[in-house]
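Chemist: Could you have a look at this structure, given as structure tokens, before my questions?
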Amino acid sequence: QVQLVESGGGLVQPGGSLRLSCAASGSIFSINVMGWFRRAPGKQRELVATITSGGTTNYADSVKGRFTISRDNAKNTVYLQMNSLKPEDTAVYYCWVVTSRGDAYWGQGTQVTVSS
């Protein structure tokens, strides 16, 4: 079992920045991929970014060049640095991890609102 605790969401003006964090606990020795998804009002959940245990990253086209995913394996934490935020980035952001056995776990979600 893996437990995920997210933090860092909030209200920001367009063009601003936020940094999300997600700390994992439990069977952390088995975590392979870590990432972030988001669900905007009235839309389906979508992938934002992922990072493997080896540091390979993947981003949605809509956030490339603006968002950066990173992880601290010593702290079992994944981060999402979000810059140049747009109103369309408004969503609930969910942390996601996949273990080496292929089990997936989700965080509780953190609200990000981009508005003037």
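By order in the structure tokens, chains are A, B, ...; within a chain, residues start at 1; ligands start at 1, following the order shown.
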Please report, as JSON lines, each residue of segment 72-108 of chain A lying at most 12 Å from segment 15-18 of chain A, together with the nearest pair of atoms and the separation in Å rounded to one decimal; use only C-alpha atoms, and order rows by chain and ascending residue number.
Modeler:
```
{"residue": "A:Tyr79", "atom": "CA", "partner": "A:Leu18", "partner_atom": "CA", "distance": 10.4}
{"residue": "A:Leu80", "atom": "CA", "partner": "A:Leu18", "partner_atom": "CA", "distance": 8.2}
{"residue": "A:Gln81", "atom": "CA", "partner": "A:Leu18", "partner_atom": "CA", "distance": 6.2}
{"residue": "A:Met82", "atom": "CA", "partner": "A:Leu18", "partner_atom": "CA", "distance": 5.2}
{"residue": "A:Asn83", "atom": "CA", "partner": "A:Ser17", "partner_atom": "CA", "distance": 4.4}
{"residue": "A:Ser84", "atom": "CA", "partner": "A:Gly15", "partner_atom": "CA", "distance": 4.1}
{"residue": "A:Leu85", "atom": "CA", "partner": "A:Gly15", "partner_atom": "CA", "distance": 4.9}
{"residue": "A:Lys86", "atom": "CA", "partner": "A:Gly15", "partner_atom": "CA", "distance": 6.4}
{"residue": "A:Pro87", "atom": "CA", "partner": "A:Gly15", "partner_atom": "CA", "distance": 9.2}
{"residue": "A:Glu88", "atom": "CA", "partner": "A:Gly15", "partner_atom": "CA", "distance": 11.7}
{"residue": "A:Asp89", "atom": "CA", "partner": "A:Gly15", "partner_atom": "CA", "distance": 10.9}
{"residue": "A:Thr90", "atom": "CA", "partner": "A:Leu18", "partner_atom": "CA", "distance": 11.8}
{"residue": "A:Tyr93", "atom": "CA", "partner": "A:Leu18", "partner_atom": "CA", "distance": 11.9}
```
Chemist: Write the residues you've just listed into a file as a compact mmCIF listing (two decimals), in the first residue's frame, and include C-alpha atoms for each of them.
Modeler:
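Generated file (part_12.txt):
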```txt
# COMPACT_ATOMS: atom_id res chain seq x y z
CA TYR A 79 6.79 18.03 -7.43
CA LEU A 80 5.05 19.97 -10.17
CA GLN A 81 6.36 23.47 -10.77
CA MET A 82 3.73 25.38 -12.72
CA ASN A 83 4.71 28.66 -14.35
CA SER A 84 2.90 31.04 -16.71
CA LEU A 85 -0.42 29.69 -15.47
CA LYS A 86 -3.50 30.21 -17.58
CA PRO A 87 -7.21 30.17 -16.65
CA GLU A 88 -7.52 26.88 -18.57
CA ASP A 89 -5.12 25.29 -16.09
CA THR A 90 -7.85 25.58 -13.44
CA TYR A 93 -4.74 18.15 -9.62
```
Chemist: Any idea what's packed within 12 Å of Gly54 of chain A, counting only C-alpha atoms, ignoring anything in its chain fewer than 2 positions away? Could you give it as a short mmCIF file (atom, residue, chain, number, x, y, z; two decimals) with N, CA and C atoms, in the first residue's frame?
Modeler:
```
data_model
loop_
_atom_site.label_atom_id
_atom_site.label_comp_id
_atom_site.auth_asym_id
_atom_site.auth_seq_id
_atom_site.Cartn_x
_atom_site.Cartn_y
_atom_site.Cartn_z
N ILE A 31 7.87 2.07 -5.62
CA ILE A 31 7.35 3.07 -6.55
C ILE A 31 8.20 3.14 -7.80
N ASN A 32 7.56 3.12 -8.95
CA ASN A 32 8.24 3.23 -10.24
C ASN A 32 7.95 4.61 -10.84
N VAL A 33 6.78 4.79 -11.39
CA VAL A 33 6.41 6.05 -12.03
C VAL A 33 5.63 6.92 -11.05
N MET A 34 5.89 8.23 -11.09
CA MET A 34 5.11 9.21 -10.33
C MET A 34 4.62 10.26 -11.32
N THR A 50 4.49 12.99 -16.14
CA THR A 50 4.98 11.83 -15.40
C THR A 50 6.50 11.85 -15.36
N ILE A 51 7.03 11.11 -14.39
CA ILE A 51 8.48 10.97 -14.27
C ILE A 51 8.77 9.56 -13.75
N THR A 52 9.71 8.90 -14.39
CA THR A 52 10.06 7.54 -13.98
C THR A 52 11.10 7.59 -12.86
N THR A 56 13.14 9.98 -16.40
CA THR A 56 12.56 10.29 -17.71
C THR A 56 11.21 10.95 -17.52
N THR A 57 11.00 12.08 -18.18
CA THR A 57 9.77 12.84 -18.01
C THR A 57 8.92 12.82 -19.27
N SER A 70 9.40 16.98 -11.17
CA SER A 70 10.65 16.48 -10.62
C SER A 70 10.33 15.59 -9.43
N ARG A 71 11.31 14.83 -8.98
CA ARG A 71 11.09 13.97 -7.82
C ARG A 71 12.34 13.91 -6.98
N ASP A 72 12.12 13.75 -5.69
CA ASP A 72 13.21 13.57 -4.74
C ASP A 72 13.05 12.17 -4.16
N ASN A 73 13.83 11.24 -4.65
CA ASN A 73 13.68 9.86 -4.23
C ASN A 73 14.01 9.68 -2.75
#
```
Chemist: Going by DSSP on the backbone, which residues of chain A come out as strand (DSSP E)? List them as an mmCIF file with N, CA and C atoms, in the first residue's frame.
Modeler:
```cif
data_model
loop_
_atom_site.group_PDB
_atom_site.id
_atom_site.type_symbol
_atom_site.label_atom_id
_atom_site.label_comp_id
_atom_site.auth_asym_id
_atom_site.auth_seq_id
_atom_site.Cartn_x
_atom_site.Cartn_y
_atom_site.Cartn_z
ATOM 1 N N VAL A 2 0.374 2.247 -0.715
ATOM 2 C CA VAL A 2 1.058 3.543 -0.778
ATOM 3 C C VAL A 2 0.046 4.631 -0.444
ATOM 4 N N GLN A 3 0.419 5.539 0.429
ATOM 5 C CA GLN A 3 -0.423 6.681 0.759
ATOM 6 C C GLN A 3 0.213 7.936 0.178
ATOM 7 N N LEU A 4 -0.637 8.815 -0.361
ATOM 8 C CA LEU A 4 -0.153 10.035 -1.006
ATOM 9 C C LEU A 4 -0.801 11.245 -0.365
ATOM 10 N N VAL A 5 0.015 12.252 -0.040
ATOM 11 C CA VAL A 5 -0.493 13.493 0.541
ATOM 12 C C VAL A 5 -0.002 14.652 -0.314
ATOM 13 N N GLU A 6 -0.968 15.384 -0.861
ATOM 14 C CA GLU A 6 -0.651 16.490 -1.752
ATOM 15 C C GLU A 6 -0.739 17.820 -1.022
ATOM 16 N N SER A 7 -0.026 18.813 -1.551
ATOM 17 C CA SER A 7 -0.094 20.173 -1.011
ATOM 18 C C SER A 7 0.339 21.147 -2.093
ATOM 19 N N GLY A 10 -3.991 26.283 -4.812
ATOM 20 C CA GLY A 10 -4.492 27.561 -4.359
ATOM 21 C C GLY A 10 -4.982 28.411 -5.508
ATOM 22 N N LEU A 11 -5.155 29.695 -5.200
ATOM 23 C CA LEU A 11 -5.631 30.677 -6.176
ATOM 24 C C LEU A 11 -4.450 31.524 -6.627
ATOM 25 N N VAL A 12 -4.325 31.684 -7.939
ATOM 26 C CA VAL A 12 -3.224 32.474 -8.491
ATOM 27 C C VAL A 12 -3.732 33.247 -9.696
ATOM 28 N N LEU A 18 2.754 28.300 -9.268
ATOM 29 C CA LEU A 18 2.466 27.483 -8.092
ATOM 30 C C LEU A 18 3.351 26.254 -8.151
ATOM 31 N N ARG A 19 3.618 25.693 -6.973
ATOM 32 C CA ARG A 19 4.363 24.442 -6.905
ATOM 33 C C ARG A 19 3.569 23.439 -6.083
ATOM 34 N N LEU A 20 3.245 22.333 -6.724
ATOM 35 C CA LEU A 20 2.546 21.240 -6.036
ATOM 36 C C LEU A 20 3.562 20.218 -5.542
ATOM 37 N N SER A 21 3.237 19.644 -4.390
ATOM 38 C CA SER A 21 4.065 18.571 -3.832
ATOM 39 C C SER A 21 3.190 17.377 -3.507
ATOM 40 N N CYS A 22 3.770 16.205 -3.577
ATOM 41 C CA CYS A 22 3.060 14.975 -3.218
ATOM 42 C C CYS A 22 4.047 14.041 -2.538
ATOM 43 N N ALA A 23 3.800 13.785 -1.258
ATOM 44 C CA ALA A 23 4.677 12.914 -0.481
ATOM 45 C C ALA A 23 4.074 11.532 -0.371
ATOM 46 N N ALA A 24 4.866 10.531 -0.672
ATOM 47 C CA ALA A 24 4.419 9.144 -0.615
ATOM 48 C C ALA A 24 4.932 8.461 0.644
ATOM 49 N N SER A 25 4.104 7.598 1.203
ATOM 50 C CA SER A 25 4.501 6.788 2.351
ATOM 51 C C SER A 25 3.898 5.404 2.195
ATOM 52 N N GLY A 26 4.399 4.473 2.988
ATOM 53 C CA GLY A 26 3.930 3.103 2.890
ATOM 54 C C GLY A 26 4.956 2.258 2.159
ATOM 55 N N ILE A 31 7.866 2.068 -5.623
ATOM 56 C CA ILE A 31 7.346 3.068 -6.555
ATOM 57 C C ILE A 31 8.200 3.135 -7.803
ATOM 58 N N ASN A 32 7.559 3.122 -8.950
ATOM 59 C CA ASN A 32 8.235 3.231 -10.240
ATOM 60 C C ASN A 32 7.950 4.612 -10.839
ATOM 61 N N VAL A 33 6.778 4.786 -11.388
ATOM 62 C CA VAL A 33 6.412 6.052 -12.026
ATOM 63 C C VAL A 33 5.626 6.923 -11.054
ATOM 64 N N MET A 34 5.890 8.226 -11.086
ATOM 65 C CA MET A 34 5.114 9.206 -10.334
ATOM 66 C C MET A 34 4.623 10.260 -11.323
ATOM 67 N N GLY A 35 3.475 10.850 -11.028
ATOM 68 C CA GLY A 35 2.967 11.827 -11.970
ATOM 69 C C GLY A 35 1.810 12.639 -11.429
ATOM 70 N N TRP A 36 1.288 13.469 -12.315
ATOM 71 C CA TRP A 36 0.159 14.335 -11.994
ATOM 72 C C TRP A 36 -0.877 14.259 -13.112
ATOM 73 N N PHE A 37 -2.133 14.163 -12.707
ATOM 74 C CA PHE A 37 -3.271 14.277 -13.601
ATOM 75 C C PHE A 37 -4.087 15.477 -13.128
ATOM 76 N N ARG A 38 -5.027 15.907 -13.950
ATOM 77 C CA ARG A 38 -5.931 16.967 -13.532
ATOM 78 C C ARG A 38 -7.310 16.750 -14.142
ATOM 79 N N ARG A 39 -8.314 17.293 -13.439
ATOM 80 C CA ARG A 39 -9.681 17.240 -13.937
ATOM 81 C C ARG A 39 -10.272 18.626 -13.818
ATOM 82 N N GLU A 46 -7.204 14.243 -17.218
ATOM 83 C CA GLU A 46 -6.163 14.171 -18.234
ATOM 84 C C GLU A 46 -4.785 14.134 -17.585
ATOM 85 N N LEU A 47 -3.866 13.494 -18.301
ATOM 86 C CA LEU A 47 -2.491 13.425 -17.860
ATOM 87 C C LEU A 47 -1.846 14.807 -17.973
ATOM 88 N N VAL A 48 -1.088 15.186 -16.950
ATOM 89 C CA VAL A 48 -0.331 16.424 -16.995
ATOM 90 C C VAL A 48 1.153 16.126 -17.231
ATOM 91 N N ALA A 49 1.730 15.295 -16.379
ATOM 92 C CA ALA A 49 3.156 14.982 -16.497
ATOM 93 C C ALA A 49 3.470 13.736 -15.692
ATOM 94 N N THR A 50 4.491 12.993 -16.136
ATOM 95 C CA THR A 50 4.977 11.830 -15.403
ATOM 96 C C THR A 50 6.496 11.850 -15.365
ATOM 97 N N ILE A 51 7.029 11.111 -14.390
ATOM 98 C CA ILE A 51 8.477 10.965 -14.266
ATOM 99 C C ILE A 51 8.769 9.561 -13.747
ATOM 100 N N THR A 57 11.004 12.075 -18.181
ATOM 101 C CA THR A 57 9.772 12.844 -18.012
ATOM 102 C C THR A 57 8.918 12.820 -19.274
ATOM 103 N N ASN A 58 7.625 13.070 -19.067
ATOM 104 C CA ASN A 58 6.669 13.138 -20.161
ATOM 105 C C ASN A 58 5.649 14.204 -19.793
ATOM 106 N N TYR A 59 5.271 15.036 -20.772
ATOM 107 C CA TYR A 59 4.346 16.129 -20.507
ATOM 108 C C TYR A 59 3.210 16.156 -21.525
ATOM 109 N N PHE A 67 5.331 23.836 -17.363
ATOM 110 C CA PHE A 67 5.334 23.001 -16.155
ATOM 111 C C PHE A 67 6.592 22.141 -16.149
ATOM 112 N N THR A 68 7.091 21.883 -14.937
ATOM 113 C CA THR A 68 8.243 21.005 -14.766
ATOM 114 C C THR A 68 7.963 20.016 -13.646
ATOM 115 N N ILE A 69 8.092 18.732 -13.956
ATOM 116 C CA ILE A 69 7.926 17.698 -12.943
ATOM 117 C C ILE A 69 9.302 17.246 -12.467
ATOM 118 N N SER A 70 9.399 16.983 -11.174
ATOM 119 C CA SER A 70 10.653 16.483 -10.618
ATOM 120 C C SER A 70 10.328 15.585 -9.429
ATOM 121 N N ARG A 71 11.313 14.827 -8.979
ATOM 122 C CA ARG A 71 11.087 13.971 -7.822
ATOM 123 C C ARG A 71 12.342 13.912 -6.982
ATOM 124 N N ASP A 72 12.125 13.748 -5.690
ATOM 125 C CA ASP A 72 13.211 13.570 -4.741
ATOM 126 C C ASP A 72 13.053 12.173 -4.162
ATOM 127 N N THR A 77 9.072 12.085 -2.757
ATOM 128 C CA THR A 77 8.183 13.189 -3.079
ATOM 129 C C THR A 77 8.314 13.564 -4.552
ATOM 130 N N VAL A 78 7.169 13.881 -5.146
ATOM 131 C CA VAL A 78 7.151 14.369 -6.512
ATOM 132 C C VAL A 78 6.610 15.793 -6.495
ATOM 133 N N TYR A 79 7.159 16.626 -7.363
ATOM 134 C CA TYR A 79 6.794 18.026 -7.433
ATOM 135 C C TYR A 79 6.298 18.370 -8.828
ATOM 136 N N LEU A 80 5.463 19.414 -8.889
ATOM 137 C CA LEU A 80 5.048 19.965 -10.166
ATOM 138 C C LEU A 80 5.167 21.483 -10.056
ATOM 139 N N GLN A 81 6.186 22.029 -10.721
ATOM 140 C CA GLN A 81 6.360 23.467 -10.774
ATOM 141 C C GLN A 81 5.567 23.988 -11.961
ATOM 142 N N MET A 82 4.616 24.876 -11.680
ATOM 143 C CA MET A 82 3.729 25.382 -12.723
ATOM 144 C C MET A 82 3.971 26.877 -12.877
ATOM 145 N N ALA A 91 -8.154 23.450 -12.327
ATOM 146 C CA ALA A 91 -8.574 22.060 -12.220
ATOM 147 C C ALA A 91 -8.217 21.547 -10.832
ATOM 148 N N VAL A 92 -8.724 20.359 -10.536
ATOM 149 C CA VAL A 92 -8.230 19.609 -9.383
ATOM 150 C C VAL A 92 -7.082 18.753 -9.883
ATOM 151 N N TYR A 93 -5.949 18.876 -9.224
ATOM 152 C CA TYR A 93 -4.739 18.151 -9.617
ATOM 153 C C TYR A 93 -4.547 16.962 -8.692
ATOM 154 N N TYR A 94 -4.306 15.797 -9.297
ATOM 155 C CA TYR A 94 -4.169 14.549 -8.550
ATOM 156 C C TYR A 94 -2.775 13.969 -8.738
ATOM 157 N N CYS A 95 -2.167 13.617 -7.627
ATOM 158 C CA CYS A 95 -0.913 12.885 -7.656
ATOM 159 C C CYS A 95 -1.201 11.414 -7.975
ATOM 160 N N TRP A 96 -0.272 10.767 -8.658
ATOM 161 C CA TRP A 96 -0.472 9.385 -9.117
ATOM 162 C C TRP A 96 0.851 8.669 -9.087
ATOM 163 N N VAL A 97 0.848 7.462 -8.559
ATOM 164 C CA VAL A 97 2.065 6.660 -8.583
ATOM 165 C C VAL A 97 1.725 5.248 -9.028
ATOM 166 N N VAL A 98 2.710 4.613 -9.631
ATOM 167 C CA VAL A 98 2.571 3.215 -10.052
ATOM 168 C C VAL A 98 3.745 2.445 -9.474
ATOM 169 N N THR A 99 3.434 1.325 -8.843
ATOM 170 C CA THR A 99 4.485 0.522 -8.240
ATOM 171 C C THR A 99 5.109 -0.410 -9.277
ATOM 172 N N ALA A 104 -1.639 1.024 -9.063
ATOM 173 C CA ALA A 104 -1.725 2.487 -9.157
ATOM 174 C C ALA A 104 -2.422 3.055 -7.928
ATOM 175 N N TYR A 105 -1.939 4.194 -7.459
ATOM 176 C CA TYR A 105 -2.506 4.875 -6.303
ATOM 177 C C TYR A 105 -2.704 6.356 -6.645
ATOM 178 N N TRP A 106 -3.736 6.939 -6.019
ATOM 179 C CA TRP A 106 -4.087 8.333 -6.284
ATOM 180 C C TRP A 106 -4.080 9.136 -4.984
ATOM 181 N N THR A 110 -5.844 18.312 -5.177
ATOM 182 C CA THR A 110 -5.660 19.675 -4.660
ATOM 183 C C THR A 110 -6.132 20.662 -5.732
ATOM 184 N N GLN A 111 -6.908 21.639 -5.309
ATOM 185 C CA GLN A 111 -7.521 22.581 -6.245
ATOM 186 C C GLN A 111 -6.515 23.651 -6.664
ATOM 187 N N VAL A 112 -6.447 23.870 -7.966
ATOM 188 C CA VAL A 112 -5.674 24.986 -8.526
ATOM 189 C C VAL A 112 -6.654 25.861 -9.303
ATOM 190 N N THR A 113 -6.717 27.134 -8.944
ATOM 191 C CA THR A 113 -7.603 28.070 -9.610
ATOM 192 C C THR A 113 -6.782 29.240 -10.129
ATOM 193 N N VAL A 114 -6.897 29.483 -11.440
ATOM 194 C CA VAL A 114 -6.161 30.577 -12.071
ATOM 195 C C VAL A 114 -7.196 31.614 -12.517
#
```
Chemist: Would you mind telling me which residue in A:Asp61, A:Gly109, A:Ser116, A:Phe29 lies nearest to Arg45 of chain A when using only C-alpha atoms?
Modeler: A:Gly109
Chemist: Using only C-alpha atoms, can you tell me which of A:Ser30, A:Gly8, A:Gln1, A:Gln13 comes closest to Ser100 of chain A?
Modeler: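 Ranked by minimum distance to Ser100 of chain A, first place goes to A:Ser30.
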Chemist: Using atom CA of Gly102 of chain A and atom CA of Ala60 of chain A as the two end points, give the distance in Å to one decimal.
Modeler: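 Between these atoms lies a distance of 21.8 Å.
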